[in-house]
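Peer 1: Starting off with a structure, shown below.
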Amino acid sequence: GGTDGEIHFWLLNDLIPVFSLKGHNSEVRRLAFSPNGLFMVSGDAEGYVQVWDIQNKAIIYTIENAQKMVRSVAYDPRGRNFAIALSSG
C-alpha cells in the first residue's frame with residue numbers, strides 16, 4: 001500500500017509494476033491475502049477496510065470504522081474469516 005491510497009502489485013523477479021488497485025482515500029496501512037490468493041483485505045489510516053477480488057481487481061465489500069486507524073488485518077488459515085485491529089489515533 002501507499003500514502004496515495006493505492007495498492008501496487010509488482011512482478012517479484014523482474015521488479016516490474018503490473019497493476020494498481022484504487023479505492024482508499026488515505027494511506028493504506030495494512031493488507032493481507034486470503035490463503036487461496038484470490039482475495040485481499042486492506043485497511044487505511046481513516047479506518048476503512050476494503051475486501052478485494054484480486055482477479056477482477058474490484059472491491060467487493062467496504063467496512064467503515066470512522067476515526068479509527070487500521071493497525072492489523074489477518075485471515076484465518078481456512079480463509080473463511082478475517083480480523084481487523086483498530087486504534088483511535
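Each chain in the C-alpha cells gets a letter, A, B and so on, in the order shown; residues start at 1 in every chain, and ligands are counted from 1 in the order they appear.
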Identify, with DSSP run on backbone atoms, the residues in chain A assigned to strand (DSSP E or B), and express the list as an MDAnalysis selection string.
Peer 2: chainID A and resid 6:11 16:22 28:33 39:44 48:53 58:64 69:75 82:87
Peer 1: Write out as a Markdown table a residue-level contact list of range 54-83 of chain A versus range 20-25 of chain A with cut-off 9 Å: for each qualifying residue the closest pair of atoms and the distance in Å to one decimal, counting only C-alpha atoms, rows sorted by chain and residue number upward.
Peer 2:
| residue | atom | partner | partner_atom | distance |
| --- | --- | --- | --- | --- |
| A:Ile54 | CA | A:Leu21 | CA | 9.0 |
| A:Lys57 | CA | A:Leu21 | CA | 6.5 |
| A:Ala58 | CA | A:Leu21 | CA | 7.8 |
| A:Ile59 | CA | A:Gly23 | CA | 7.5 |
Peer 1: Need to verify the contact set: range 2-10 of chain A, 10 Å, only C-alpha atoms, exclusion of same-chain residues closer than 5 positions in sequence. Can you return it as a PyMOL selection string?
Peer 2: chain A and resi 15-31+42-45
Peer 1: Please produce a file of the residues just selected, as a PDB file, in the first residue's frame, where the atoms kept are C-alpha atoms.
Peer 2:
ATOM      1  CA  LEU A  15      10.505  -5.721 -10.252  1.00  0.00           C
ATOM      2  CA  ILE A  16       8.108  -4.544 -12.935  1.00  0.00           C
ATOM      3  CA  PRO A  17       4.841  -2.852 -11.889  1.00  0.00           C
ATOM      4  CA  VAL A  18       1.845  -4.929 -13.007  1.00  0.00           C
ATOM      5  CA  PHE A  19      -1.252  -3.073 -11.796  1.00  0.00           C
ATOM      6  CA  SER A  20      -2.635  -0.901  -9.008  1.00  0.00           C
ATOM      7  CA  LEU A  21      -5.843  -1.044  -7.017  1.00  0.00           C
ATOM      8  CA  LYS A  22      -7.535   2.265  -6.265  1.00  0.00           C
ATOM      9  CA  GLY A  23     -10.148   2.516  -3.551  1.00  0.00           C
ATOM     10  CA  HIS A  24      -8.734   4.107  -0.414  1.00  0.00           C
ATOM     11  CA  ASN A  25      -8.721   7.852   0.211  1.00  0.00           C
ATOM     12  CA  SER A  26      -5.922   7.763   2.772  1.00  0.00           C
ATOM     13  CA  GLU A  27      -2.686   5.911   3.445  1.00  0.00           C
ATOM     14  CA  VAL A  28      -3.023   2.135   3.161  1.00  0.00           C
ATOM     15  CA  ARG A  29      -1.666   0.848   6.474  1.00  0.00           C
ATOM     16  CA  ARG A  30      -2.130  -2.927   6.320  1.00  0.00           C
ATOM     17  CA  LEU A  31      -3.097  -5.685   3.913  1.00  0.00           C
ATOM     18  CA  SER A  42      -6.670  -3.773   3.085  1.00  0.00           C
ATOM     19  CA  GLY A  43      -7.037  -1.171   5.810  1.00  0.00           C
ATOM     20  CA  ASP A  44      -6.248   2.528   5.829  1.00  0.00           C
ATOM     21  CA  ALA A  45      -5.433   5.376   8.199  1.00  0.00           C
TER      22      ALA A  45
END
Peer 1: Near range 61-75 of chain A, within 9 Å and counting only C-alpha atoms, which residues show up once chain neighbours fewer than 2 positions away are dropped, as number ranges by chain?
Peer 2: A: 28-35, 40-52, 59, 77-89
